[in-house]
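> If it helps, the file is called work.csv and holds CSV, C-alpha atoms (C1' of nucleotides) and all ligand atoms:
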chain,number,residue,atom,x,y,z
A,294,MET,CA,-8.4,-7.4,33.9
A,295,LEU,CA,-5.4,-7.0,31.6
A,296,LYS,CA,-3.4,-3.9,30.9
A,297,ILE,CA,-2.7,-3.1,27.3
A,298,SER,CA,0.8,-4.6,27.3
A,299,GLU,CA,-0.6,-7.8,28.8
A,300,LEU,CA,-3.2,-8.1,26.2
A,301,ALA,CA,-0.6,-7.3,23.6
A,302,ALA,CA,1.6,-10.2,24.9
A,303,LYS,CA,-1.4,-12.5,25.1
A,304,ILE,CA,-2.6,-12.2,21.6
A,305,GLY,CA,0.6,-11.2,19.8
A,306,LEU,CA,0.0,-7.7,18.7
A,307,SER,CA,1.8,-4.5,19.7
A,308,THR,CA,0.3,-2.0,22.1
A,309,HIS,CA,0.5,0.5,19.2
A,310,THR,CA,-1.6,-1.8,17.0
A,311,LEU,CA,-4.1,-2.3,19.8
A,312,ARG,CA,-4.6,1.4,20.2
A,313,PHE,CA,-4.8,1.7,16.4
A,314,TYR,CA,-7.5,-0.9,16.3
A,315,GLU,CA,-9.4,0.9,19.1
A,316,LYS,CA,-9.1,4.2,17.1
A,317,HIS,CA,-10.8,2.3,14.2
A,318,GLY,CA,-13.5,0.9,16.4
A,319,LEU,CA,-12.4,-2.7,16.3
A,320,ILE,CA,-11.7,-3.2,20.0
A,321,HIS,CA,-12.0,-1.3,23.2
A,322,ALA,CA,-11.3,-1.5,26.9
A,323,SER,CA,-14.4,-1.7,29.1
A,324,ASP,CA,-12.6,-0.1,32.0
A,325,ARG,CA,-10.0,2.6,32.7
A,326,SER,CA,-8.0,3.1,35.8
A,327,GLU,CA,-8.2,6.5,37.5
A,328,ALA,CA,-5.1,7.5,35.6
A,329,GLY,CA,-6.7,6.5,32.3
A,330,TYR,CA,-4.9,3.1,31.9
A,331,ARG,CA,-6.9,0.7,29.7
A,332,TYR,CA,-8.2,-2.4,31.4
A,333,TYR,CA,-9.5,-5.3,29.3
A,334,ASN,CA,-12.1,-7.7,30.7
A,335,HIS,CA,-12.7,-11.2,29.4
A,336,ALA,CA,-15.2,-10.1,26.7
A,337,ASP,CA,-12.7,-7.4,25.5
A,338,VAL,CA,-10.0,-10.1,25.2
A,339,ARG,CA,-12.3,-12.4,23.3
A,340,ARG,CA,-13.2,-9.6,20.9
A,341,ALA,CA,-9.5,-8.8,20.4
A,342,GLU,CA,-8.8,-12.4,19.7
A,343,PHE,CA,-11.6,-12.5,17.2
A,344,VAL,CA,-10.0,-9.6,15.4
A,345,LYS,CA,-6.6,-11.2,15.5
A,346,THR,CA,-8.0,-14.5,14.1
A,347,ALA,CA,-9.8,-12.7,11.3
A,348,ARG,CA,-6.8,-10.7,10.5
A,349,ASN,CA,-4.6,-13.7,10.4
A,350,ILE,CA,-6.9,-15.3,7.9
A,351,GLY,CA,-6.5,-12.3,5.7
A,352,PHE,CA,-9.6,-10.2,6.3
A,353,SER,CA,-9.1,-6.5,6.0
A,354,LEU,CA,-9.9,-4.3,8.9
A,355,GLN,CA,-13.0,-3.1,7.1
A,356,ASP,CA,-14.2,-6.7,6.6
A,357,ILE,CA,-13.5,-7.3,10.3
A,358,SER,CA,-15.5,-4.3,11.2
A,359,GLN,CA,-18.5,-5.8,9.4
A,360,LEU,CA,-17.9,-9.2,11.0
A,361,LEU,CA,-17.9,-7.5,14.4
A,362,SER,CA,-21.2,-5.9,13.8
A,363,ILE,CA,-22.6,-9.3,13.0
A,364,ARG,CA,-20.9,-10.7,16.1
A,365,VAL,CA,-22.5,-8.2,18.5
A,366,ASP,CA,-26.0,-8.9,17.2
A,367,LYS,CA,-26.2,-12.3,15.6
A,368,HIS,CA,-30.0,-12.3,15.8
A,369,SER,CA,-30.2,-9.4,13.4
A,370,HIS,CA,-27.9,-11.0,10.8
A,371,SER,CA,-28.0,-14.1,8.7
A,372,CYS,CA,-25.6,-16.8,7.7
A,373,GLN,CA,-25.8,-15.2,4.3
A,374,ASP,CA,-24.5,-11.9,5.6
A,375,VAL,CA,-21.5,-13.8,6.8
A,376,THR,CA,-21.0,-15.8,3.6
A,377,ASP,CA,-21.3,-12.6,1.6
A,378,ILE,CA,-18.3,-11.1,3.3
A,379,THR,CA,-16.4,-14.4,3.1
A,380,GLN,CA,-17.2,-15.0,-0.5
A,381,HIS,CA,-16.3,-11.5,-1.4
A,382,LYS,CA,-12.9,-11.9,0.2
A,383,LEU,CA,-12.4,-15.3,-1.5
A,384,ASN,CA,-13.1,-13.6,-4.9
A,385,GLU,CA,-10.5,-11.0,-4.1
A,386,VAL,CA,-8.0,-13.6,-3.2
A,387,ASN,CA,-8.8,-15.6,-6.3
A,388,THR,CA,-8.2,-12.5,-8.5
A,389,LYS,CA,-4.9,-11.8,-6.9
A,390,LEU,CA,-3.9,-15.5,-7.1
A,391,ALA,CA,-4.6,-15.4,-10.8
A,392,GLU,CA,-2.4,-12.3,-11.2
A,393,LEU,CA,0.4,-13.8,-9.2
A,394,GLN,CA,0.2,-17.1,-11.0
A,395,SER,CA,0.6,-15.3,-14.3
A,396,MET,CA,3.6,-13.4,-13.0
A,397,GLN,CA,5.1,-16.6,-11.7
A,398,GLN,CA,4.7,-18.3,-15.0
A,399,THR,CA,6.2,-15.4,-16.9
A,400,LEU,CA,9.1,-15.1,-14.5
A,401,GLN,CA,9.8,-18.8,-14.7
A,402,ILE,CA,9.8,-18.7,-18.5
A,403,LEU,CA,12.2,-15.8,-18.4
A,404,LEU,CA,14.5,-17.6,-16.0
A,405,ASP,CA,14.5,-20.7,-18.1
A,406,SER,CA,15.4,-18.8,-21.2
A,407,CYS,CA,18.5,-17.1,-19.7
A,408,CYS,CA,21.9,-18.8,-19.2
A,409,GLY,CA,22.4,-16.8,-16.0
A,410,GLY,CA,26.1,-16.9,-16.6
A,411,PRO,CA,28.9,-14.4,-15.9
A,412,GLU,CA,29.4,-13.2,-19.5
A,413,ASN,CA,28.0,-9.9,-20.5
A,414,ALA,CA,24.3,-9.3,-21.0
A,415,THR,CA,24.4,-8.2,-24.7
A,416,HIS,CA,22.8,-11.5,-25.7
A,417,CYS,CA,20.5,-11.8,-22.7
A,418,SER,CA,17.2,-13.4,-23.6
A,419,ILE,CA,15.5,-11.8,-20.7
A,420,MET,CA,16.5,-8.3,-21.8
A,421,GLU,CA,15.4,-9.2,-25.3
A,422,ALA,CA,12.0,-10.4,-24.1
A,423,LEU,CA,11.6,-7.1,-22.2
A,424,GLU,CA,12.3,-5.2,-25.4
A,425,GLU,CA,9.4,-6.8,-27.1
A,426,SER,CA,6.4,-4.7,-26.6
A,427,GLU,CA,3.5,-6.5,-24.9
A,428,ASP,CA,1.3,-7.3,-27.9
A,429,ARG,CA,4.2,-8.8,-29.8
A,430,ASN,CA,5.8,-11.1,-27.3
A,431,GLN,CA,5.1,-14.4,-25.7
A,432,LEU,CA,5.2,-13.2,-22.1
A,433,VAL,CA,1.5,-12.5,-21.6
A,434,ALA,CA,0.0,-15.2,-19.4
A,435,GLY,CA,-2.8,-15.9,-21.8
A,436,ASN,CA,-0.3,-16.7,-24.6
A,437,VAL,CA,1.5,-19.2,-22.5
A,438,LYS,CA,0.3,-22.7,-22.9
B,94,MET,CA,8.8,12.9,-32.1
B,95,LEU,CA,5.8,12.2,-29.9
B,96,LYS,CA,4.2,14.6,-27.4
B,97,ILE,CA,3.5,13.2,-24.0
B,98,SER,CA,-0.2,12.5,-24.7
B,99,GLU,CA,0.8,10.7,-27.9
B,100,LEU,CA,3.2,8.6,-26.0
B,101,ALA,CA,0.6,8.0,-23.3
B,102,ALA,CA,-1.9,6.8,-25.9
B,103,LYS,CA,0.7,4.7,-27.7
B,104,ILE,CA,1.8,2.7,-24.7
B,105,GLY,CA,-1.2,2.8,-22.6
B,106,LEU,CA,-0.2,4.9,-19.6
B,107,SER,CA,-1.5,8.3,-18.4
B,108,THR,CA,0.5,11.4,-18.9
B,109,HIS,CA,0.5,11.7,-15.1
B,110,THR,CA,2.2,8.3,-14.9
B,111,LEU,CA,4.7,9.2,-17.5
B,112,ARG,CA,5.7,12.3,-15.7
B,113,PHE,CA,5.8,10.3,-12.5
B,114,TYR,CA,8.1,7.8,-14.1
B,115,GLU,CA,10.3,10.6,-15.3
B,116,LYS,CA,10.5,12.1,-11.8
B,117,HIS,CA,11.8,8.7,-10.7
B,118,GLY,CA,14.3,8.4,-13.4
B,119,LEU,CA,12.7,5.6,-15.4
B,120,ILE,CA,12.1,7.5,-18.6
B,121,HIS,CA,12.8,10.9,-20.1
B,122,ALA,CA,12.2,13.0,-23.2
B,123,SER,CA,15.3,13.7,-25.2
B,124,ASP,CA,13.9,17.0,-26.5
B,125,ARG,CA,11.8,19.8,-25.3
B,126,SER,CA,10.0,22.5,-27.4
B,127,GLU,CA,10.8,26.1,-26.8
B,128,ALA,CA,7.8,26.2,-24.5
B,129,GLY,CA,9.1,23.2,-22.6
B,130,TYR,CA,6.8,20.6,-24.1
B,131,ARG,CA,8.3,17.1,-23.9
B,132,TYR,CA,9.2,15.4,-27.2
B,133,TYR,CA,10.0,11.7,-27.2
B,134,ASN,CA,12.2,10.2,-29.9
B,135,HIS,CA,12.3,6.6,-31.0
B,136,ALA,CA,14.8,5.6,-28.3
B,137,ASP,CA,12.7,7.3,-25.6
B,138,VAL,CA,9.7,5.4,-26.8
B,139,ARG,CA,11.4,2.1,-26.7
B,140,ARG,CA,12.7,2.7,-23.2
B,141,ALA,CA,9.1,3.7,-22.1
B,142,GLU,CA,7.8,0.5,-23.7
B,143,PHE,CA,10.5,-1.5,-21.9
B,144,VAL,CA,9.3,0.0,-18.6
B,145,LYS,CA,5.7,-0.7,-19.5
B,146,THR,CA,6.5,-4.4,-20.3
B,147,ALA,CA,8.5,-4.9,-17.2
B,148,ARG,CA,5.7,-3.3,-15.1
B,149,ASN,CA,3.1,-5.5,-16.7
B,150,ILE,CA,5.1,-8.5,-15.8
B,151,GLY,CA,5.0,-7.3,-12.2
B,152,PHE,CA,8.4,-5.8,-11.6
B,153,SER,CA,8.5,-3.0,-9.1
B,154,LEU,CA,9.7,0.4,-10.2
B,155,GLN,CA,12.8,-0.2,-8.3
B,156,ASP,CA,13.4,-3.5,-10.1
B,157,ILE,CA,12.8,-1.7,-13.3
B,158,SER,CA,15.3,0.9,-12.4
B,159,GLN,CA,17.9,-1.8,-12.0
B,160,LEU,CA,16.9,-3.5,-15.2
B,161,LEU,CA,17.3,-0.1,-17.0
B,162,SER,CA,20.8,0.4,-15.7
B,163,ILE,CA,21.7,-3.0,-17.2
B,164,ARG,CA,19.9,-2.0,-20.4
B,165,VAL,CA,21.9,1.1,-21.0
B,166,ASP,CA,25.2,-0.7,-20.5
B,167,LYS,CA,24.8,-4.4,-21.3
B,168,HIS,CA,28.6,-4.8,-21.6
B,169,SER,CA,29.1,-4.0,-18.0
B,170,HIS,CA,26.5,-6.5,-16.7
B,171,SER,CA,26.1,-10.2,-16.9
B,172,CYS,CA,23.2,-12.5,-17.5
B,173,GLN,CA,23.6,-13.4,-13.8
B,174,ASP,CA,22.8,-9.8,-12.9
B,175,VAL,CA,19.6,-10.1,-14.8
B,176,THR,CA,18.7,-13.5,-13.4
B,177,ASP,CA,19.4,-12.2,-9.9
B,178,ILE,CA,16.7,-9.6,-10.2
B,179,THR,CA,14.3,-12.0,-11.9
B,180,GLN,CA,14.9,-14.8,-9.4
B,181,HIS,CA,14.5,-12.3,-6.5
B,182,LYS,CA,11.1,-11.2,-7.9
B,183,LEU,CA,10.1,-14.8,-8.5
B,184,ASN,CA,10.9,-15.6,-4.8
B,185,GLU,CA,8.7,-12.7,-3.7
B,186,VAL,CA,5.9,-13.9,-6.0
B,187,ASN,CA,6.2,-17.4,-4.6
B,188,THR,CA,6.0,-16.2,-1.1
B,189,LYS,CA,2.9,-14.1,-1.7
B,190,LEU,CA,1.4,-17.0,-3.7
B,191,ALA,CA,1.8,-19.3,-0.7
B,192,GLU,CA,0.1,-16.8,1.6
B,193,LEU,CA,-2.8,-16.3,-0.8
B,194,GLN,CA,-3.2,-20.1,-1.3
B,195,SER,CA,-3.4,-20.5,2.5
B,196,MET,CA,-6.0,-17.7,2.6
B,197,GLN,CA,-7.9,-19.3,-0.2
B,198,GLN,CA,-8.0,-22.7,1.5
B,199,THR,CA,-9.1,-21.2,4.8
B,200,LEU,CA,-11.9,-19.1,3.2
B,201,GLN,CA,-13.1,-22.1,1.2
B,202,ILE,CA,-13.2,-24.3,4.3
B,203,LEU,CA,-15.2,-21.6,6.1
B,204,LEU,CA,-17.6,-21.2,3.2
B,205,ASP,CA,-18.1,-24.9,2.9
B,206,SER,CA,-19.0,-25.1,6.6
B,207,CYS,CA,-21.7,-22.5,6.6
B,208,CYS,CA,-25.2,-23.0,5.3
B,209,GLY,CA,-25.3,-19.4,3.9
B,210,GLY,CA,-29.0,-19.3,4.5
B,211,PRO,CA,-31.3,-16.5,5.6
B,212,GLU,CA,-31.9,-17.6,9.2
B,213,ASN,CA,-30.1,-15.8,11.9
B,214,ALA,CA,-26.4,-16.1,12.6
B,215,THR,CA,-26.5,-17.4,16.1
B,216,HIS,CA,-25.5,-20.9,14.9
B,217,CYS,CA,-23.1,-19.7,12.2
B,218,SER,CA,-20.1,-22.0,11.9
B,219,ILE,CA,-17.9,-19.2,10.3
B,220,MET,CA,-18.5,-17.0,13.3
B,221,GLU,CA,-17.8,-19.9,15.6
B,222,ALA,CA,-14.5,-20.6,13.8
B,223,LEU,CA,-13.5,-17.0,14.2
B,224,GLU,CA,-14.2,-17.2,17.9
B,225,GLU,CA,-11.6,-20.0,18.2
B,226,SER,CA,-8.2,-18.4,18.9
B,227,GLU,CA,-5.6,-19.3,16.4
B,228,ASP,CA,-3.7,-22.0,18.2
B,229,ARG,CA,-6.8,-23.9,19.0
B,230,ASN,CA,-8.6,-24.1,15.7
B,231,GLN,CA,-8.2,-25.8,12.4
B,232,LEU,CA,-8.0,-22.7,10.2
B,233,VAL,CA,-4.3,-22.3,10.1
B,234,ALA,CA,-3.0,-23.4,6.7
B,235,GLY,CA,-0.5,-25.9,8.1
B,236,ASN,CA,-3.2,-27.7,10.0
B,237,VAL,CA,-5.3,-28.2,6.9
B,238,LYS,CA,-4.6,-31.4,5.1
C,70,DT,C1',12.7,8.5,47.4
C,71,DG,C1',14.3,7.2,43.3
C,72,DT,C1',14.2,4.8,39.2
C,73,DA,C1',12.8,1.7,35.7
C,74,DA,C1',9.1,0.2,33.3
C,75,DC,C1',4.9,1.1,32.4
C,76,DC,C1',0.9,4.2,30.7
C,77,DT,C1',-1.5,8.4,28.1
C,78,DT,C1',-2.5,11.5,23.9
C,79,DA,C1',-2.2,13.8,19.5
C,80,DG,C1',-0.2,13.6,15.6
C,81,DA,C1',3.5,12.7,12.2
C,82,DG,C1',5.9,9.2,9.3
C,83,DT,C1',6.1,4.9,6.4
C,84,DT,C1',5.4,2.3,1.8
C,85,DA,C1',4.3,1.9,-3.3
C,86,DA,C1',2.6,3.6,-7.2
C,87,DC,C1',0.1,6.5,-8.5
C,88,DT,C1',-3.6,10.4,-9.0
C,89,DC,C1',-5.1,14.8,-8.9
C,90,DT,C1',-5.1,19.9,-8.4
C,91,DA,C1',-4.1,24.7,-9.1
C,92,DA,C1',-2.5,28.2,-11.7
C,93,DG,C1',-0.9,29.3,-15.6
C,94,DG,C1',1.3,29.0,-20.6
C,95,DT,C1',0.7,27.3,-25.7
C,96,DC,C1',-1.1,26.0,-30.0
C,97,DA,C1',-4.2,24.8,-34.0
C,98,DA,C1',-8.3,25.7,-36.0
C,99,DC,C1',-12.2,28.3,-37.3
D,47,DG,C1',-8.9,36.5,-32.0
D,48,DT,C1',-11.1,33.3,-29.4
D,49,DT,C1',-12.2,28.7,-28.2
D,50,DG,C1',-10.8,24.2,-26.6
D,51,DA,C1',-7.4,21.0,-26.2
D,52,DC,C1',-3.2,20.6,-25.1
D,53,DC,C1',1.1,21.5,-22.1
D,54,DT,C1',4.1,23.0,-17.8
D,55,DT,C1',5.4,22.8,-12.6
D,56,DA,C1',5.2,22.0,-7.6
D,57,DG,C1',3.1,19.9,-4.5
D,58,DA,C1',-0.9,17.7,-2.1
D,59,DG,C1',-3.9,13.6,-1.6
D,60,DT,C1',-4.9,8.5,-1.9
D,61,DT,C1',-4.8,3.6,0.2
D,62,DA,C1',-4.0,0.2,4.0
D,63,DA,C1',-2.3,-1.0,8.1
D,64,DC,C1',0.5,0.1,10.8
D,65,DT,C1',4.7,2.3,13.3
D,66,DC,C1',6.8,5.7,15.7
D,67,DT,C1',7.6,10.1,18.4
D,68,DA,C1',7.2,13.6,21.8
D,69,DA,C1',6.0,15.1,26.1
D,70,DG,C1',4.4,13.9,30.0
D,71,DG,C1',1.9,11.1,33.9
D,72,DT,C1',1.8,6.5,36.9
D,73,DT,C1',3.2,2.5,39.4
D,74,DA,C1',5.8,-1.1,41.6
D,75,DC,C1',9.6,-2.0,44.0
D,76,DA,C1',14.0,-1.6,46.7
E,1,ZN,ZN,23.5,-15.5,-21.1
E,2,ZN,ZN,20.5,-13.7,-19.9
E,3,ZN,ZN,-26.5,-21.1,8.9
E,4,ZN,ZN,-23.2,-19.6,8.9
Translate the structure described by the file into structure tokens.

Amino acid sequence: MLKISELAAKIGLSTHTLRFYEKHGLIHASDRSEAGYRYYNHADVRRAEFVKTARNIGFSLQDISQLLSIRVDKHSHSCQDVTDITQHKLNEVNTKLAELQSMQQTLQILLDSCCGGPENATHCSIMEALEESEDRNQLVAGNVK
Amino acid sequence: MLKISELAAKIGLSTHTLRFYEKHGLIHASDRSEAGYRYYNHADVRRAEFVKTARNIGFSLQDISQLLSIRVDKHSHSCQDVTDITQHKLNEVNTKLAELQSMQQTLQILLDSCCGGPENATHCSIMEALEESEDRNQLVAGNVK
DNA sequence: TGTAACCTTAGAGTTAACTCTAAGGTCAAC
DNA sequence: GTTGACCTTAGAGTTAACTCTAAGGTTACA
């Protein structure tokens, strides 16, 4: 039986975060001392580790909540239920990746265009590019080869 | 002279957002009618477009604030000032890209491992992978070839 | 018996960038 | 002269995932 700070140390989350997760139904302590101290048994620890692993992968707490309901009753859920959640997350990630790649490309183009030197910015090509309104300039990702 | 809804339509932001940007010092209306209506002149519009372009690229409002101070006094700032902001943003983007790419890889591995079928999840390899605590499994980005 | 290091709860604060509401004033057109 | 579409402000609400605080109770150890 672990106390909350021991669980926190074991899985690498703060006690604050563990209580926060409990408040949101992700974990819980099966036992309490007379004084109300939380005590985590082996199953509690494994569930907390599951949460930590899922969070490290990038699942949201809401995703994790769904994964946990599958976990407690695997017989009532299918592999498809699991891949639905995973695929949905992957789609999100891919969308954000595309946005960031577009930003990366644009920023790199801007940096390549500017001398970056110490003289004044009256001739700066980055500033000039930002003056161009969106539909006129070359900065939009789609316009970049 | 444009009224706020006209400016909003012209550059594709809501009037709420324009007022929000004003509150944060990014834009402003040079004139007001007797009743207090905002009126934007040509320079105001160009500044608002600058903000919109920078925001579309992905700069934060704080970044944009810095870019605007350069913009109003280019003689007191250097190209390096501009590239510093841009490079800093690019570094941020690259960091987030790396995180997302790691997530993408992990999610793809998970999806590839699961049958995704309609039978129950007692044998699900995704669930099994999530049961493995971080330091024992193959899901960490660095561990993936 | 004292004290340091724990533990409890409820609830407020943080961050970014909006987004919306309430309550009211203004304006152009019919 | 009355709609309806606009405009104003201050300020509250949204989202996610924490993060921290206050005020107090508990426990292990010397
Ligand atoms: Zn230069
Ligand atoms: Zn430059
Ligand atoms: Zn299966
Ligand atoms: Zn499966």
> Select all residues from chain A having any atom no more than 9 Å from an atom of chain D (counting only C-alpha atoms (C1' of nucleotides), ignoring ligands), output as a ChimeraX atom specification.
/A:309-310,313,328,353-354
> Quick one: chain A onto chain B, least squares on all Cα paired in order, result as a short mmCIF file (atom, residue, chain, number, x, y, z; two decimals) with C-alpha atoms, in the frame of the given file?

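So the final result, stored in out33.cif, reads:
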data_model
loop_
_atom_site.label_atom_id
_atom_site.label_comp_id
_atom_site.auth_asym_id
_atom_site.auth_seq_id
_atom_site.Cartn_x
_atom_site.Cartn_y
_atom_site.Cartn_z
CA MET A 294 8.86 12.90 -32.17
CA LEU A 295 5.85 12.31 -29.93
CA LYS A 296 4.30 14.65 -27.44
CA ILE A 297 3.55 13.26 -24.03
CA SER A 298 -0.13 12.58 -24.74
CA GLU A 299 0.86 10.72 -27.91
CA LEU A 300 3.26 8.57 -26.12
CA ALA A 301 0.69 8.05 -23.42
CA ALA A 302 -1.85 6.84 -26.07
CA LYS A 303 0.78 4.69 -27.74
CA ILE A 304 1.84 2.69 -24.80
CA GLY A 305 -1.25 2.89 -22.60
CA LEU A 306 -0.20 4.93 -19.68
CA SER A 307 -1.46 8.33 -18.51
CA THR A 308 0.51 11.51 -19.04
CA HIS A 309 0.54 11.81 -15.22
CA THR A 310 2.17 8.38 -14.91
CA LEU A 311 4.70 9.27 -17.58
CA ARG A 312 5.76 12.37 -15.75
CA PHE A 313 5.82 10.33 -12.52
CA TYR A 314 8.10 7.81 -14.10
CA GLU A 315 10.38 10.62 -15.39
CA LYS A 316 10.47 12.10 -11.82
CA HIS A 317 11.73 8.63 -10.69
CA GLY A 318 14.30 8.42 -13.42
CA LEU A 319 12.68 5.67 -15.41
CA ILE A 320 12.09 7.56 -18.65
CA HIS A 321 12.81 10.91 -20.12
CA ALA A 322 12.27 13.03 -23.19
CA SER A 323 15.40 13.72 -25.23
CA ASP A 324 14.00 16.96 -26.54
CA ARG A 325 11.86 19.90 -25.38
CA SER A 326 10.10 22.42 -27.49
CA GLU A 327 10.88 26.09 -26.86
CA ALA A 328 7.88 26.22 -24.59
CA GLY A 329 9.16 23.25 -22.60
CA TYR A 330 6.86 20.58 -24.19
CA ARG A 331 8.38 17.08 -23.93
CA TYR A 332 9.28 15.43 -27.19
CA TYR A 333 10.04 11.70 -27.27
CA ASN A 334 12.32 10.24 -29.95
CA HIS A 335 12.34 6.60 -30.99
CA ALA A 336 14.84 5.52 -28.29
CA ASP A 337 12.71 7.32 -25.61
CA VAL A 338 9.63 5.39 -26.83
CA ARG A 339 11.48 2.11 -26.76
CA ARG A 340 12.67 2.78 -23.22
CA ALA A 341 9.11 3.67 -22.17
CA GLU A 342 7.85 0.50 -23.69
CA PHE A 343 10.48 -1.47 -21.87
CA VAL A 344 9.25 0.01 -18.63
CA LYS A 345 5.66 -0.70 -19.49
CA THR A 346 6.49 -4.36 -20.37
CA ALA A 347 8.40 -4.84 -17.15
CA ARG A 348 5.69 -3.29 -15.17
CA ASN A 349 3.07 -5.40 -16.75
CA ILE A 350 4.99 -8.49 -15.79
CA GLY A 351 4.93 -7.34 -12.23
CA PHE A 352 8.33 -5.78 -11.63
CA SER A 353 8.37 -2.94 -9.18
CA LEU A 354 9.62 0.40 -10.26
CA GLN A 355 12.78 -0.17 -8.26
CA ASP A 356 13.41 -3.50 -10.04
CA ILE A 357 12.80 -1.69 -13.34
CA SER A 358 15.26 0.93 -12.39
CA GLN A 359 17.92 -1.76 -11.97
CA LEU A 360 16.90 -3.43 -15.24
CA LEU A 361 17.31 -0.07 -16.98
CA SER A 362 20.78 0.36 -15.71
CA ILE A 363 21.63 -3.02 -17.14
CA ARG A 364 19.89 -2.05 -20.38
CA VAL A 365 21.95 1.12 -20.92
CA ASP A 366 25.24 -0.72 -20.46
CA LYS A 367 24.86 -4.39 -21.19
CA HIS A 368 28.63 -4.83 -21.54
CA SER A 369 29.14 -3.97 -17.90
CA HIS A 370 26.51 -6.44 -16.63
CA SER A 371 26.05 -10.16 -16.78
CA CYS A 372 23.23 -12.54 -17.44
CA GLN A 373 23.51 -13.30 -13.77
CA ASP A 374 22.77 -9.72 -12.81
CA VAL A 375 19.58 -10.09 -14.75
CA THR A 376 18.64 -13.49 -13.32
CA ASP A 377 19.32 -12.17 -9.84
CA ILE A 378 16.65 -9.54 -10.17
CA THR A 379 14.28 -12.00 -11.86
CA GLN A 380 14.81 -14.71 -9.36
CA HIS A 381 14.40 -12.33 -6.52
CA LYS A 382 11.05 -11.21 -7.88
CA LEU A 383 9.98 -14.84 -8.49
CA ASN A 384 10.76 -15.60 -4.78
CA GLU A 385 8.61 -12.68 -3.76
CA VAL A 386 5.80 -13.85 -5.90
CA ASN A 387 6.15 -17.38 -4.62
CA THR A 388 5.91 -16.13 -0.99
CA LYS A 389 2.83 -14.15 -1.70
CA LEU A 390 1.29 -17.06 -3.67
CA ALA A 391 1.82 -19.26 -0.67
CA GLU A 392 0.08 -16.71 1.59
CA LEU A 393 -2.81 -16.31 -0.77
CA GLN A 394 -3.18 -20.03 -1.27
CA SER A 395 -3.47 -20.48 2.47
CA MET A 396 -6.09 -17.77 2.69
CA GLN A 397 -7.98 -19.32 -0.17
CA GLN A 398 -7.99 -22.68 1.47
CA THR A 399 -9.14 -21.28 4.78
CA LEU A 400 -11.85 -19.20 3.17
CA GLN A 401 -13.09 -22.15 1.18
CA ILE A 402 -13.26 -24.31 4.31
CA LEU A 403 -15.20 -21.60 6.05
CA LEU A 404 -17.62 -21.28 3.17
CA ASP A 405 -18.18 -24.98 3.04
CA SER A 406 -18.93 -25.16 6.70
CA CYS A 407 -21.67 -22.47 6.65
CA CYS A 408 -25.26 -23.03 5.41
CA GLY A 409 -25.31 -19.48 4.03
CA GLY A 410 -29.01 -19.37 4.64
CA PRO A 411 -31.37 -16.56 5.69
CA GLU A 412 -31.86 -17.66 9.33
CA ASN A 413 -30.04 -15.84 12.01
CA ALA A 414 -26.31 -16.20 12.58
CA THR A 415 -26.43 -17.49 16.22
CA HIS A 416 -25.38 -20.94 15.00
CA CYS A 417 -23.01 -19.74 12.29
CA SER A 418 -20.03 -22.03 11.91
CA ILE A 419 -17.98 -19.30 10.43
CA MET A 420 -18.50 -17.02 13.43
CA GLU A 421 -17.71 -19.96 15.67
CA ALA A 422 -14.47 -20.70 13.82
CA LEU A 423 -13.50 -17.02 14.22
CA GLU A 424 -14.06 -17.30 17.95
CA GLU A 425 -11.51 -20.00 18.24
CA SER A 426 -8.22 -18.47 18.92
CA GLU A 427 -5.54 -19.33 16.35
CA ASP A 428 -3.62 -22.05 18.19
CA ARG A 429 -6.80 -23.94 18.98
CA ASN A 430 -8.60 -24.06 15.68
CA GLN A 431 -8.32 -25.84 12.41
CA LEU A 432 -8.07 -22.74 10.22
CA VAL A 433 -4.29 -22.44 10.05
CA ALA A 434 -3.10 -23.50 6.61
CA GLY A 435 -0.55 -25.88 7.99
CA ASN A 436 -3.27 -27.80 9.90
CA VAL A 437 -5.32 -28.29 6.82
CA LYS A 438 -4.67 -31.48 5.02
#
> Which of these residues is nearest to A:Gly329, using only C-alpha atoms: A:Leu306, A:Leu403, A:Ile357, A:Ile297?
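Using only C-alpha atoms, A:Gly329 sits closest to A:Ile297.
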> Go through the chains and note each residue within 12 Å of ligand ZN 1 (chain E), using only C-alpha atoms (C1' of nucleotides) and all ligand atoms, then give the set as a VMD selection string.
(chain A and resid 403 to 421) or (chain B and resid 167 to 168 170 to 176)
> Could you turn the residues from that selection into a file that holds C-alpha atoms, as a short mmCIF file (atom, residue, chain, number, x, y, z; two decimals), keeping the file's coordinate frame?

data_model
loop_
_atom_site.label_atom_id
_atom_site.label_comp_id
_atom_site.auth_asym_id
_atom_site.auth_seq_id
_atom_site.Cartn_x
_atom_site.Cartn_y
_atom_site.Cartn_z
CA LEU A 403 12.20 -15.80 -18.40
CA LEU A 404 14.50 -17.60 -16.00
CA ASP A 405 14.50 -20.70 -18.10
CA SER A 406 15.40 -18.80 -21.20
CA CYS A 407 18.50 -17.10 -19.70
CA CYS A 408 21.90 -18.80 -19.20
CA GLY A 409 22.40 -16.80 -16.00
CA GLY A 410 26.10 -16.90 -16.60
CA PRO A 411 28.90 -14.40 -15.90
CA GLU A 412 29.40 -13.20 -19.50
CA ASN A 413 28.00 -9.90 -20.50
CA ALA A 414 24.30 -9.30 -21.00
CA THR A 415 24.40 -8.20 -24.70
CA HIS A 416 22.80 -11.50 -25.70
CA CYS A 417 20.50 -11.80 -22.70
CA SER A 418 17.20 -13.40 -23.60
CA ILE A 419 15.50 -11.80 -20.70
CA MET A 420 16.50 -8.30 -21.80
CA GLU A 421 15.40 -9.20 -25.30
CA LYS B 167 24.80 -4.40 -21.30
CA HIS B 168 28.60 -4.80 -21.60
CA HIS B 170 26.50 -6.50 -16.70
CA SER B 171 26.10 -10.20 -16.90
CA CYS B 172 23.20 -12.50 -17.50
CA GLN B 173 23.60 -13.40 -13.80
CA ASP B 174 22.80 -9.80 -12.90
CA VAL B 175 19.60 -10.10 -14.80
CA THR B 176 18.70 -13.50 -13.40
#
